[in-house]
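Visitor: My file is upload09.tsv. It has TSV, C-alpha atoms:
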```
chain	number	residue	atom	x	y	z
A	123	MET	CA	26.88	-61.71	-4.17
A	124	THR	CA	27.16	-65.53	-4.27
A	125	VAL	CA	24.43	-67.48	-2.51
A	126	PRO	CA	23.08	-71.03	-2.66
A	127	LEU	CA	21.26	-71.54	-5.95
A	128	ALA	CA	17.96	-72.35	-4.22
A	129	ASP	CA	18.06	-68.97	-2.44
A	130	ALA	CA	18.92	-67.15	-5.68
A	131	LEU	CA	16.05	-68.80	-7.56
A	132	ALA	CA	13.69	-67.96	-4.70
A	133	ALA	CA	14.65	-64.29	-5.09
A	134	VAL	CA	13.96	-64.44	-8.84
A	135	ARG	CA	10.66	-66.24	-8.15
A	136	ALA	CA	9.49	-63.41	-5.91
A	137	LEU	CA	10.27	-60.86	-8.63
A	138	LEU	CA	8.48	-62.84	-11.34
A	139	LEU	CA	5.34	-63.15	-9.24
A	140	ASP	CA	5.13	-59.45	-8.32
A	141	PRO	CA	2.64	-58.11	-10.90
A	142	ASP	CA	2.99	-54.51	-9.72
A	143	THR	CA	6.73	-54.16	-10.37
A	144	LEU	CA	7.75	-56.76	-12.97
A	145	VAL	CA	8.64	-55.19	-16.32
A	146	ARG	CA	10.36	-58.05	-18.12
A	147	ALA	CA	12.46	-61.11	-17.36
A	148	VAL	CA	14.67	-63.19	-19.64
A	149	ALA	CA	16.17	-66.64	-19.06
A	150	ALA	CA	18.96	-67.81	-21.38
A	151	GLY	CA	22.15	-69.83	-21.54
A	152	ARG	CA	22.84	-73.23	-20.04
A	153	ARG	CA	24.38	-74.38	-16.80
A	154	ARG	CA	27.78	-75.99	-16.98
A	155	GLY	CA	27.53	-79.76	-16.82
A	156	ASP	CA	23.75	-79.84	-17.43
A	157	GLU	CA	21.76	-80.75	-20.49
A	158	PRO	CA	20.71	-77.65	-22.48
A	159	PRO	CA	17.25	-76.25	-21.65
A	160	PRO	CA	14.41	-77.21	-24.02
A	161	TRP	CA	14.17	-73.55	-25.12
A	162	ARG	CA	16.80	-71.16	-26.45
A	163	ARG	CA	15.36	-68.27	-24.43
A	164	ILE	CA	12.36	-67.53	-22.22
A	165	GLU	CA	10.77	-64.09	-21.77
A	166	VAL	CA	8.26	-63.27	-19.03
A	167	ARG	CA	6.10	-60.20	-18.49
A	168	VAL	CA	2.71	-59.19	-17.04
A	169	VAL	CA	-0.24	-58.44	-19.34
A	170	ASP	CA	-3.81	-57.33	-18.73
A	171	LEU	CA	-6.30	-59.47	-20.65
A	172	LYS	CA	-10.08	-59.45	-20.66
A	173	ALA	CA	-9.92	-62.40	-18.27
A	174	GLY	CA	-7.75	-60.41	-15.86
A	175	ARG	CA	-4.06	-59.95	-15.15
A	176	HIS	CA	-1.86	-62.75	-16.46
A	177	LEU	CA	1.79	-63.69	-16.60
A	178	GLN	CA	2.78	-64.04	-20.25
A	179	VAL	CA	5.54	-66.55	-20.99
A	180	THR	CA	7.17	-66.58	-24.44
A	181	ALA	CA	9.47	-69.52	-25.18
A	182	TYR	CA	11.79	-69.32	-28.19
A	183	ASP	CA	13.08	-72.37	-30.01
A	184	ALA	CA	15.38	-72.24	-33.02
A	185	THR	CA	12.73	-70.93	-35.39
A	186	GLN	CA	9.70	-69.47	-33.62
A	187	ALA	CA	8.13	-68.13	-30.43
A	188	HIS	CA	5.54	-69.99	-28.33
A	189	THR	CA	3.40	-67.78	-26.08
A	190	SER	CA	1.22	-68.83	-23.15
A	191	ASN	CA	-0.70	-66.78	-20.56
A	192	HIS	CA	-1.12	-67.83	-16.93
A	193	ALA	CA	-3.58	-66.28	-14.47
A	194	LEU	CA	-2.03	-64.44	-11.54
A	195	GLY	CA	-3.45	-65.34	-8.16
A	196	ALA	CA	-5.27	-68.40	-9.53
A	197	ALA	CA	-4.90	-71.98	-8.38
A	198	GLY	CA	-4.33	-74.98	-10.61
A	199	ALA	CA	-1.88	-76.19	-13.23
A	200	GLU	CA	-2.29	-73.10	-15.40
A	201	SER	CA	-1.68	-70.56	-12.65
A	202	ALA	CA	1.21	-68.12	-12.84
A	203	THR	CA	2.73	-69.63	-9.70
A	204	ALA	CA	2.81	-73.10	-11.23
A	205	ALA	CA	4.22	-71.73	-14.49
A	206	VAL	CA	7.03	-69.87	-12.71
A	207	ASP	CA	7.93	-72.92	-10.65
A	208	ARG	CA	8.22	-74.98	-13.83
A	209	LEU	CA	10.41	-72.30	-15.45
A	210	LEU	CA	12.78	-72.14	-12.50
A	211	GLU	CA	13.28	-75.91	-12.69
A	212	LEU	CA	14.75	-75.56	-16.19
A	213	PRO	CA	18.59	-75.53	-16.29
A	214	PHE	CA	19.06	-71.99	-17.57
A	215	GLY	CA	22.41	-70.43	-16.72
A	216	ASN	CA	21.24	-66.81	-16.56
A	217	TRP	CA	18.19	-64.81	-15.47
A	218	HIS	CA	17.86	-61.09	-16.20
A	219	VAL	CA	14.93	-59.37	-14.47
A	220	ASP	CA	13.89	-55.76	-15.02
A	221	THR	CA	11.48	-54.24	-12.51
A	222	THR	CA	10.19	-50.71	-12.09
A	223	THR	CA	12.91	-49.98	-9.53
A	224	GLN	CA	15.86	-52.30	-10.19
A	225	THR	CA	17.62	-54.68	-12.55
A	226	VAL	CA	18.53	-58.06	-11.10
A	227	GLN	CA	20.87	-60.54	-12.80
A	228	LEU	CA	21.38	-64.13	-11.71
A	229	ARG	CA	24.19	-66.26	-13.09
A	230	VAL	CA	24.73	-69.89	-12.14
A	231	THR	CA	28.43	-70.38	-11.40
A	232	LYS	CA	30.59	-73.34	-12.36
A	233	ARG	CA	30.14	-74.69	-8.82
A	234	GLY	CA	26.38	-74.51	-9.09
A	235	ASP	CA	25.86	-71.48	-6.83
A	236	GLY	CA	23.89	-68.36	-7.68
A	237	LEU	CA	25.76	-65.11	-8.36
A	238	ILE	CA	23.30	-62.22	-7.99
A	239	SER	CA	23.89	-58.60	-8.92
A	240	ARG	CA	21.42	-55.74	-8.47
A	241	ALA	CA	21.39	-52.25	-9.96
A	242	ALA	CA	18.90	-49.52	-9.14
A	243	VAL	CA	16.98	-47.99	-12.04
A	244	ALA	CA	18.04	-44.36	-12.41
A	245	ALA	CA	14.47	-43.20	-13.04
A	246	PRO	CA	11.72	-45.49	-11.70
A	247	ALA	CA	9.74	-46.84	-14.63
A	248	SER	CA	6.13	-47.80	-15.07
A	249	ALA	CA	5.44	-51.29	-16.36
A	250	SER	CA	3.35	-51.58	-19.51
A	251	ARG	CA	0.61	-54.23	-19.22
A	252	ALA	CA	-0.77	-53.93	-22.73
A	253	HIS	CA	-1.17	-57.22	-24.56
A	254	ASP	CA	0.99	-56.02	-27.44
A	255	ARG	CA	4.21	-57.63	-28.59
A	256	ASP	CA	5.46	-54.24	-29.83
A	257	LYS	CA	5.78	-53.14	-26.20
A	258	ASN	CA	8.21	-55.95	-25.42
A	259	ARG	CA	11.30	-54.38	-26.96
A	260	LEU	CA	14.93	-54.13	-25.97
A	261	VAL	CA	15.16	-50.69	-27.60
A	262	ARG	CA	11.95	-48.78	-27.01
A	263	ALA	CA	10.68	-46.18	-29.46
A	264	ALA	CA	10.85	-43.47	-26.78
A	265	ASP	CA	14.60	-44.03	-26.28
A	266	PRO	CA	16.53	-40.78	-27.04
A	267	LEU	CA	19.03	-42.95	-28.89
A	268	LEU	CA	16.53	-43.64	-31.66
A	269	ARG	CA	15.66	-39.95	-31.92
A	270	ALA	CA	19.34	-39.05	-32.30
A	271	LEU	CA	19.68	-41.68	-35.03
A	272	GLY	CA	16.68	-40.27	-36.91
A	273	ILE	CA	14.51	-43.37	-36.47
A	274	THR	CA	11.89	-41.70	-34.24
A	275	ASP	CA	10.62	-38.15	-33.84
A	276	GLY	CA	10.57	-35.95	-30.75
A	277	GLU	CA	7.39	-37.69	-29.51
A	278	GLY	CA	8.94	-41.16	-29.67
A	279	ARG	CA	7.01	-42.13	-32.82
A	280	VAL	CA	8.75	-44.13	-35.56
A	281	ARG	CA	9.25	-41.85	-38.55
A	282	PRO	CA	7.60	-42.71	-41.89
A	283	GLY	CA	9.80	-45.09	-43.82
A	284	ARG	CA	11.94	-45.99	-40.78
A	285	ALA	CA	9.91	-48.92	-39.43
A	286	ASP	CA	12.12	-51.49	-41.19
A	287	LYS	CA	15.25	-49.89	-39.74
A	288	TYR	CA	13.68	-50.02	-36.27
A	289	ARG	CA	12.96	-53.73	-36.71
A	290	GLN	CA	16.56	-54.36	-37.78
A	291	VAL	CA	17.86	-52.48	-34.74
A	292	GLU	CA	15.61	-54.44	-32.38
A	293	GLU	CA	16.38	-57.86	-33.84
A	294	PHE	CA	20.10	-57.15	-33.92
A	295	ALA	CA	19.94	-56.26	-30.22
A	296	ARG	CA	18.22	-59.57	-29.46
A	297	GLN	CA	20.78	-61.56	-31.43
A	298	LEU	CA	23.67	-59.74	-29.78
A	299	GLN	CA	22.23	-60.27	-26.30
A	300	THR	CA	21.69	-63.99	-26.92
A	301	THR	CA	25.08	-64.58	-28.53
A	302	LEU	CA	27.11	-62.77	-25.88
A	303	GLY	CA	25.08	-64.42	-23.12
A	304	ASP	CA	25.85	-67.84	-24.60
A	305	ALA	CA	29.53	-67.02	-25.02
A	306	LEU	CA	29.87	-65.73	-21.45
A	307	GLU	CA	28.08	-68.76	-20.06
A	308	ALA	CA	30.23	-71.19	-22.05
A	309	GLY	CA	33.41	-69.45	-20.91
A	310	ALA	CA	34.33	-68.62	-24.52
A	311	LEU	CA	34.14	-64.90	-23.75
A	312	ARG	CA	35.93	-63.50	-20.72
A	313	ARG	CA	34.02	-61.56	-18.10
A	314	PRO	CA	35.09	-57.92	-18.27
A	315	THR	CA	36.09	-55.61	-15.43
A	316	ALA	CA	36.42	-51.83	-15.18
A	317	GLU	CA	40.19	-52.26	-15.49
A	318	ASP	CA	39.94	-54.68	-18.43
A	319	PRO	CA	36.71	-54.05	-20.37
A	320	LEU	CA	35.51	-56.09	-23.31
A	321	ARG	CA	37.12	-54.79	-26.48
A	322	ILE	CA	34.56	-54.53	-29.27
A	323	VAL	CA	35.06	-53.27	-32.81
A	324	ASP	CA	32.38	-52.60	-35.43
A	325	LEU	CA	34.04	-52.87	-38.85
A	326	GLY	CA	32.31	-50.88	-41.59
A	327	ALA	CA	30.22	-48.96	-39.06
A	328	GLY	CA	28.70	-46.50	-41.55
A	329	ASN	CA	26.21	-44.27	-39.73
A	330	ALA	CA	26.65	-46.46	-36.63
A	331	TYR	CA	23.01	-47.31	-35.96
A	332	LEU	CA	23.97	-50.72	-34.65
A	333	THR	CA	27.18	-49.49	-33.01
A	334	PHE	CA	25.20	-47.22	-30.70
A	335	VAL	CA	22.53	-49.87	-30.10
A	336	ALA	CA	25.25	-52.35	-29.12
A	337	HIS	CA	26.67	-49.83	-26.62
A	338	ARG	CA	23.26	-49.19	-25.08
A	339	LEU	CA	22.41	-52.89	-24.80
A	340	LEU	CA	25.75	-54.07	-23.42
A	341	THR	CA	26.31	-51.29	-20.91
A	342	GLU	CA	22.85	-50.38	-19.65
A	343	GLN	CA	20.95	-53.64	-20.03
A	344	MET	CA	23.63	-56.32	-19.67
A	345	GLY	CA	25.79	-54.30	-17.28
A	346	LEU	CA	29.07	-55.03	-19.07
A	347	GLN	CA	32.19	-52.90	-19.06
A	348	ILE	CA	33.14	-52.33	-22.70
A	349	ASP	CA	35.51	-50.39	-24.94
A	350	LEU	CA	33.71	-49.94	-28.28
A	351	VAL	CA	35.18	-48.58	-31.51
A	352	GLY	CA	33.36	-48.09	-34.81
A	353	VAL	CA	35.55	-48.19	-37.92
A	354	ASP	CA	34.66	-46.77	-41.33
A	355	MET	CA	36.78	-45.64	-44.24
A	356	LYS	CA	34.84	-42.36	-44.64
A	357	GLU	CA	35.98	-39.39	-42.56
A	358	GLN	CA	32.47	-37.96	-42.91
A	359	SER	CA	31.06	-40.99	-41.08
A	360	ARG	CA	33.59	-40.63	-38.26
A	361	THR	CA	32.80	-36.92	-37.80
A	362	HIS	CA	29.03	-37.52	-37.85
A	363	ASN	CA	29.20	-40.44	-35.44
A	364	LEU	CA	31.41	-38.61	-32.95
A	365	ALA	CA	28.86	-35.77	-32.93
A	366	VAL	CA	26.04	-38.25	-32.20
A	367	ALA	CA	28.10	-39.82	-29.41
A	368	ALA	CA	28.66	-36.38	-27.89
A	369	GLU	CA	24.94	-35.59	-28.16
A	370	LEU	CA	24.05	-38.84	-26.39
A	371	GLY	CA	26.86	-38.54	-23.87
A	372	VAL	CA	28.16	-42.06	-24.52
A	373	ALA	CA	31.75	-43.26	-24.60
A	374	VAL	CA	31.99	-44.70	-28.10
A	375	ASP	CA	35.06	-43.99	-30.22
A	376	PHE	CA	35.25	-43.93	-34.01
A	377	ALA	CA	38.20	-44.40	-36.35
A	378	GLN	CA	38.62	-43.54	-40.02
A	379	ALA	CA	40.32	-46.50	-41.72
A	380	SER	CA	39.69	-49.33	-44.11
A	381	ILE	CA	38.98	-52.75	-42.64
A	382	GLU	CA	42.34	-54.03	-43.86
A	383	ASP	CA	44.32	-51.08	-42.45
A	384	TYR	CA	42.66	-50.67	-39.05
A	385	THR	CA	45.05	-51.56	-36.24
A	386	PRO	CA	43.63	-51.79	-32.69
A	387	HIS	CA	45.78	-51.24	-29.62
A	388	LEU	CA	44.88	-54.75	-28.47
A	389	PRO	CA	43.03	-57.54	-30.33
A	390	PRO	CA	39.26	-57.18	-29.88
A	391	ASP	CA	37.14	-59.76	-28.04
A	392	VAL	CA	34.05	-59.13	-30.18
A	393	VAL	CA	33.94	-58.20	-33.87
A	394	LEU	CA	30.80	-56.86	-35.56
A	395	ALA	CA	30.51	-56.55	-39.34
A	396	LEU	CA	27.01	-55.50	-40.27
A	397	HIS	CA	26.04	-54.99	-43.90
A	398	ALA	CA	29.60	-54.56	-45.12
A	399	CYS	CA	29.32	-54.73	-48.91
A	400	ASP	CA	30.44	-57.78	-50.92
A	401	THR	CA	33.99	-58.89	-50.01
A	402	ALA	CA	34.27	-56.28	-47.24
A	403	THR	CA	32.48	-58.89	-45.10
A	404	ASP	CA	35.26	-61.35	-45.97
A	405	ASP	CA	37.88	-58.76	-45.01
A	406	ALA	CA	36.15	-58.28	-41.64
A	407	LEU	CA	35.84	-62.02	-40.99
A	408	ALA	CA	39.50	-62.55	-41.85
A	409	ARG	CA	40.58	-59.81	-39.42
A	410	ALA	CA	38.39	-61.30	-36.71
A	411	VAL	CA	39.93	-64.77	-37.20
A	412	ASP	CA	43.40	-63.20	-37.24
A	413	TRP	CA	42.66	-61.52	-33.91
A	414	GLN	CA	41.15	-64.77	-32.56
A	415	ALA	CA	38.07	-62.80	-31.52
A	416	ALA	CA	35.88	-64.74	-29.11
A	417	VAL	CA	32.64	-63.64	-30.80
A	418	ILE	CA	31.86	-62.61	-34.37
A	419	LEU	CA	28.52	-61.29	-35.64
A	420	ALA	CA	28.36	-60.60	-39.37
A	421	ALA	CA	25.34	-59.64	-41.44
A	422	PRO	CA	26.56	-59.81	-45.06
A	423	CYS	CA	25.28	-57.40	-47.67
A	424	CYS	CA	25.62	-57.94	-51.43
A	425	HIS	CA	27.45	-61.00	-52.80
A	426	HIS	CA	28.80	-59.86	-56.18
A	427	ASP	CA	32.14	-61.67	-56.11
A	428	LEU	CA	30.96	-65.29	-56.35
A	429	ALA	CA	28.03	-64.31	-58.57
A	430	ALA	CA	30.53	-62.99	-61.13
A	431	GLN	CA	32.69	-66.11	-60.82
A	432	LEU	CA	29.67	-68.37	-61.31
A	433	ARG	CA	28.78	-66.44	-64.45
A	434	ARG	CA	32.20	-67.24	-65.93
A	435	ALA	CA	32.60	-70.81	-64.64
A	436	GLU	CA	31.06	-73.97	-66.01
A	437	ALA	CA	28.55	-75.42	-63.55
A	438	PRO	CA	29.14	-79.03	-62.49
A	439	ALA	CA	26.61	-81.57	-63.73
A	440	PRO	CA	23.74	-81.73	-63.07
A	441	TYR	CA	23.51	-78.25	-61.48
A	442	ALA	CA	23.62	-75.94	-64.50
A	443	ALA	CA	19.95	-75.01	-64.00
A	444	LEU	CA	20.85	-73.36	-60.68
A	445	VAL	CA	22.90	-70.66	-62.39
A	446	ARG	CA	21.37	-70.40	-65.86
A	447	SER	CA	18.98	-67.57	-64.94
A	448	GLY	CA	20.47	-64.36	-63.60
A	449	ILE	CA	18.16	-64.02	-60.59
A	450	LEU	CA	18.64	-67.66	-59.59
A	451	ARG	CA	22.39	-67.34	-59.99
A	452	GLU	CA	22.43	-64.32	-57.66
A	453	ARG	CA	20.37	-66.09	-55.04
A	454	PHE	CA	22.48	-69.21	-55.27
A	455	ALA	CA	25.64	-67.08	-54.99
A	456	ASP	CA	24.27	-65.55	-51.77
A	457	THR	CA	23.67	-68.99	-50.27
A	458	LEU	CA	26.95	-70.47	-51.48
A	459	THR	CA	28.99	-67.49	-50.26
A	460	ASP	CA	27.63	-67.61	-46.73
A	461	ALA	CA	27.81	-71.42	-46.58
A	462	LEU	CA	31.51	-71.27	-47.49
A	463	ARG	CA	32.11	-68.47	-44.97
A	464	ALA	CA	30.51	-70.55	-42.22
A	465	SER	CA	32.56	-73.58	-43.23
A	466	LEU	CA	35.82	-71.62	-43.12
A	467	LEU	CA	35.01	-70.18	-39.69
A	468	ARG	CA	34.33	-73.70	-38.41
A	469	GLU	CA	37.68	-74.84	-39.80
A	470	HIS	CA	39.32	-72.05	-37.79
A	471	GLY	CA	37.87	-73.10	-34.44
A	472	TYR	CA	34.45	-71.40	-34.32
A	473	ARG	CA	30.99	-72.72	-33.59
A	474	VAL	CA	28.80	-71.08	-36.24
A	475	ASP	CA	25.06	-70.52	-36.57
A	476	VAL	CA	23.56	-69.04	-39.74
A	477	VAL	CA	20.21	-67.45	-38.88
A	478	GLU	CA	17.60	-65.09	-40.28
A	479	PHE	CA	17.66	-62.11	-37.96
A	480	VAL	CA	14.86	-60.07	-39.52
A	481	ALA	CA	12.02	-61.17	-41.80
A	482	SER	CA	12.67	-61.02	-45.54
A	483	GLU	CA	9.77	-58.64	-46.17
A	484	HIS	CA	11.70	-55.96	-44.26
A	485	THR	CA	15.06	-56.47	-45.98
A	486	PRO	CA	16.45	-59.09	-48.38
A	487	ARG	CA	19.82	-58.88	-46.59
A	488	ASN	CA	18.66	-60.69	-43.50
A	489	THR	CA	21.23	-63.42	-42.89
A	490	LEU	CA	23.37	-63.28	-39.75
A	491	LEU	CA	26.51	-65.33	-39.09
A	492	ARG	CA	26.96	-65.88	-35.36
A	493	ALA	CA	30.33	-67.36	-34.44
A	494	ILE	CA	31.72	-68.23	-31.01
A	495	ARG	CA	35.34	-69.32	-30.76
A	496	THR	CA	35.85	-72.76	-29.21
A	497	GLY	CA	39.43	-73.31	-30.36
A	498	ALA	CA	38.53	-76.79	-31.59
A	499	PRO	CA	41.00	-78.18	-34.17
A	500	ALA	CA	39.95	-78.28	-37.80
A	501	ASP	CA	37.78	-81.23	-38.74
A	502	ALA	CA	39.34	-83.13	-41.64
A	503	ALA	CA	35.91	-83.94	-43.06
A	504	LEU	CA	34.91	-80.25	-43.06
A	505	THR	CA	38.18	-79.28	-44.72
A	506	ARG	CA	37.65	-81.90	-47.42
A	507	GLU	CA	34.02	-80.86	-47.91
A	508	TYR	CA	35.03	-77.22	-48.43
A	509	ALA	CA	37.80	-78.14	-50.91
A	510	GLU	CA	35.50	-80.39	-52.93
A	511	LEU	CA	32.75	-77.76	-53.08
A	512	VAL	CA	35.12	-75.04	-54.26
A	513	ALA	CA	36.72	-77.33	-56.83
A	514	ALA	CA	33.37	-78.54	-58.18
A	515	TRP	CA	32.18	-75.01	-58.93
A	516	GLY	CA	35.56	-73.67	-60.03
A	517	ILE	CA	35.48	-70.69	-57.66
A	518	ARG	CA	37.93	-68.84	-55.42
A	519	PRO	CA	36.17	-67.46	-52.33
A	520	ARG	CA	37.73	-64.26	-51.06
A	521	LEU	CA	37.70	-65.39	-47.42
A	522	GLY	CA	39.45	-68.63	-48.32
A	523	GLU	CA	42.24	-66.69	-49.99
A	524	LEU	CA	42.58	-64.30	-47.05
A	525	LEU	CA	42.81	-67.15	-44.53
A	526	ALA	CA	45.09	-69.34	-46.65
```
Reformat the file's structure so that it appears as structure tokens.

Guide:
Amino acid sequence: MTVPLADALAAVRALLLDPDTLVRAVAAGRRRGDEPPPWRRIEVRVVDLKAGRHLQVTAYDATQAHTSNHALGAAGAESATAAVDRLLELPFGNWHVDTTTQTVQLRVTKRGDGLISRAAVAAPASASRAHDRDKNRLVRAADPLLRALGITDGEGRVRPGRADKYRQVEEFARQLQTTLGDALEAGALRRPTAEDPLRIVDLGAGNAYLTFVAHRLLTEQMGLQIDLVGVDMKEQSRTHNLAVAAELGVAVDFAQASIEDYTPHLPPDVVLALHACDTATDDALARAVDWQAAVILAAPCCHHDLAAQLRRAEAPAPYAALVRSGILRERFADTLTDALRASLLREHGYRVDVVEFVASEHTPRNTLLRAIRTGAPADAALTREYAELVAAWGIRPRLGELLA
């Protein structure tokens, strides 16, 4: 339903200031024609502190989270009412509000109106008020999905040794939500319908932890119509994943094929390539560029190819010290590989962010390439920079050869 923006924001305001029903709210994206908001994302929830019930606001910039608590029902600059009014003045393009009874989404249209959609919660929920960041998750430990994937037990407790996997799942969900929200708001990603859902492919799906998490997030939390396929070269993976999909009752398909040989019915809109080993990530990125996918999310795994080339090549002066020691050479190869991948994607019309999506103490493979297709022509300076870097080190990046 499209309404004047002031009326739509008033509806969101009422939800944010209802401490009995608010579960969580997220503001993200930018309005067309406006300056970007000062924060990448805002999250709002209600917490019970020793000083009473407060509205907790967490603002995310490019590197960290900034949390503030505002008293509900209090007067003055620090009250929850004043904080909410300041938030609603920021030019965010989307608000997503979860309450105990419904999910409400507000999107600011190109004309500056408010497009509101509401969906009833199948089973009314109770809102957690504990002052604990672990409660504020996109994929909660009690979710049957995590039990089916072997991350939690029948009581919703994270199994011993699976805490790092749970963190990866949660942080991937946040990155996916943010990236797709940005792409939809910018018009880079089309808005799906039941007749024409978003086509998403997960290349190198393996045991499909993140494939299933993506389905849950996009369908149940973002309300998108999707057609999702996980691809892996092992038939055992396909059989196992289809059984999990049947157990969960979700419409996710799986195909047994190599990344190079997989042929979709129609080019996908979104390509995921998460922890594909070594040059398999390059194969996935090349297929995504070939398909002109609107969004690419790739979390590279090992980087053996360039590390081996650096071992054989003569380092340009005065950088020999970077590759003299084996461990330093491997780390440098990781950085160089992903820098060149990002550069090539930019040359092929993508806006690229290289981010850390989970802390290094949980996994050393924690880099994520987020790419949104803009269609911008190649920048001559970027092309020259890439060519000079490759020539200086005497290397032949796999992705460069695939895209040549």

Visitor: One decimal, Å: what's the distance from CA of Ser380 (chain A) over to CA of Gln358 (chain A), could you say?

Guide: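 Here the two named atoms are 13.5 Å from each other.
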
Visitor: Counting all atoms listed in the file, I want the residues whose atoms come within 12 Å of (35.4, -57.3, -37.5) in the file frame, returned as a ChimeraX atom specification.

Guide: /A:321-327,350-354,380-386,389-398,402-422,493

Visitor: Output C-alpha atoms of each residue in that selection to a file, as a JSON list (two decimals), in the coordinates of the input.

Guide:
```json
[["chain", "number", "residue", "atom", "x", "y", "z"],
["A", 321, "ARG", "CA", 37.12, -54.79, -26.48],
["A", 322, "ILE", "CA", 34.56, -54.53, -29.27],
["A", 323, "VAL", "CA", 35.06, -53.27, -32.81],
["A", 324, "ASP", "CA", 32.38, -52.60, -35.43],
["A", 325, "LEU", "CA", 34.04, -52.87, -38.85],
["A", 326, "GLY", "CA", 32.31, -50.88, -41.59],
["A", 327, "ALA", "CA", 30.22, -48.96, -39.06],
["A", 350, "LEU", "CA", 33.71, -49.94, -28.28],
["A", 351, "VAL", "CA", 35.18, -48.58, -31.51],
["A", 352, "GLY", "CA", 33.36, -48.09, -34.81],
["A", 353, "VAL", "CA", 35.55, -48.19, -37.92],
["A", 354, "ASP", "CA", 34.66, -46.77, -41.33],
["A", 380, "SER", "CA", 39.69, -49.33, -44.11],
["A", 381, "ILE", "CA", 38.98, -52.75, -42.64],
["A", 382, "GLU", "CA", 42.34, -54.03, -43.86],
["A", 383, "ASP", "CA", 44.32, -51.08, -42.45],
["A", 384, "TYR", "CA", 42.66, -50.67, -39.05],
["A", 385, "THR", "CA", 45.05, -51.56, -36.24],
["A", 386, "PRO", "CA", 43.63, -51.79, -32.69],
["A", 389, "PRO", "CA", 43.03, -57.54, -30.33],
["A", 390, "PRO", "CA", 39.26, -57.18, -29.88],
["A", 391, "ASP", "CA", 37.14, -59.76, -28.04],
["A", 392, "VAL", "CA", 34.05, -59.13, -30.18],
["A", 393, "VAL", "CA", 33.94, -58.20, -33.87],
["A", 394, "LEU", "CA", 30.80, -56.86, -35.56],
["A", 395, "ALA", "CA", 30.51, -56.55, -39.34],
["A", 396, "LEU", "CA", 27.01, -55.50, -40.27],
["A", 397, "HIS", "CA", 26.04, -54.99, -43.90],
["A", 398, "ALA", "CA", 29.60, -54.56, -45.12],
["A", 402, "ALA", "CA", 34.27, -56.28, -47.24],
["A", 403, "THR", "CA", 32.48, -58.89, -45.10],
["A", 404, "ASP", "CA", 35.26, -61.35, -45.97],
["A", 405, "ASP", "CA", 37.88, -58.76, -45.01],
["A", 406, "ALA", "CA", 36.15, -58.28, -41.64],
["A", 407, "LEU", "CA", 35.84, -62.02, -40.99],
["A", 408, "ALA", "CA", 39.50, -62.55, -41.85],
["A", 409, "ARG", "CA", 40.58, -59.81, -39.42],
["A", 410, "ALA", "CA", 38.39, -61.30, -36.71],
["A", 411, "VAL", "CA", 39.93, -64.77, -37.20],
["A", 412, "ASP", "CA", 43.40, -63.20, -37.24],
["A", 413, "TRP", "CA", 42.66, -61.52, -33.91],
["A", 414, "GLN", "CA", 41.15, -64.77, -32.56],
["A", 415, "ALA", "CA", 38.07, -62.80, -31.52],
["A", 416, "ALA", "CA", 35.88, -64.74, -29.11],
["A", 417, "VAL", "CA", 32.64, -63.64, -30.80],
["A", 418, "ILE", "CA", 31.86, -62.61, -34.37],
["A", 419, "LEU", "CA", 28.52, -61.29, -35.64],
["A", 420, "ALA", "CA", 28.36, -60.60, -39.37],
["A", 421, "ALA", "CA", 25.34, -59.64, -41.44],
["A", 422, "PRO", "CA", 26.56, -59.81, -45.06],
["A", 493, "ALA", "CA", 30.33, -67.36, -34.44]]
```

Visitor: Given the point (32.7, -73.0, -13.1) in the coordinates of this file, which residues lie within 7 Å, counting only C-alpha atoms, and how would they look as a VMD selection string?

Guide: chain A and resid 154 231 to 233

Visitor: Which residue, A:Asp501, A:Glu507, A:Glu317, A:Glu357, has the smallest gap to Arg468 (chain A) when you use all atoms listed in the file?

Guide: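 With all atoms listed in the file as the atom set, the closest residue is A:Asp501.
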
Visitor: Rounded to one decimal, what separation in Å do you get between CA of Ala295 (chain A) and CA of Leu127 (chain A)?

Guide: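 Result for CA of Ala295 (chain A) versus CA of Leu127 (chain A): 28.7 Å, one decimal.
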
Visitor: Show me, as a count of residues only, the residues that have an atom within 10 Å of Arg296 (chain A) when counting all atoms listed in the file, minus same-chain residues fewer than 3 positions from it.

Guide: 12

Visitor: May I ask for the distance between CA of Arg360 (chain A) and CA of Cys399 (chain A), given in Å to one decimal place?

Guide: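 Going from CA of Arg360 (chain A) over to CA of Cys399 (chain A) covers 18.2 Å.
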
Visitor: Taking only C-alpha atoms into account, which of A:Trp515, A:Phe376, A:Phe214, A:Phe454 comes nearest Asp304 (chain A)?

Guide: A:Phe214

Visitor: Go through A:Leu194, A:Leu306, A:Ala147, A:Ala368 one by one, measure the shortest atom-to-atom distance of each to Asp170 (chain A) using all atoms listed in the file, and give the residue with the smallest value.

Guide: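 The answer is A:Leu194, which sits nearest to Asp170 (chain A).
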
Visitor: So which residues touch Val280 (chain A) within 10 Å, counting all atoms listed in the file, skipping near sequence neighbours fewer than 6 positions away, as a PyMOL selection string?

Guide: chain A and resi 263-264+268-269+272-274+286-288

Visitor: Got a sec: who's within 12 Å of Thr203 (chain A), counting all atoms listed in the file, leaving out chain neighbours fewer than 3 positions off, as a ChimeraX atom specification?

Guide: /A:135-141,176-178,191-200,206-210
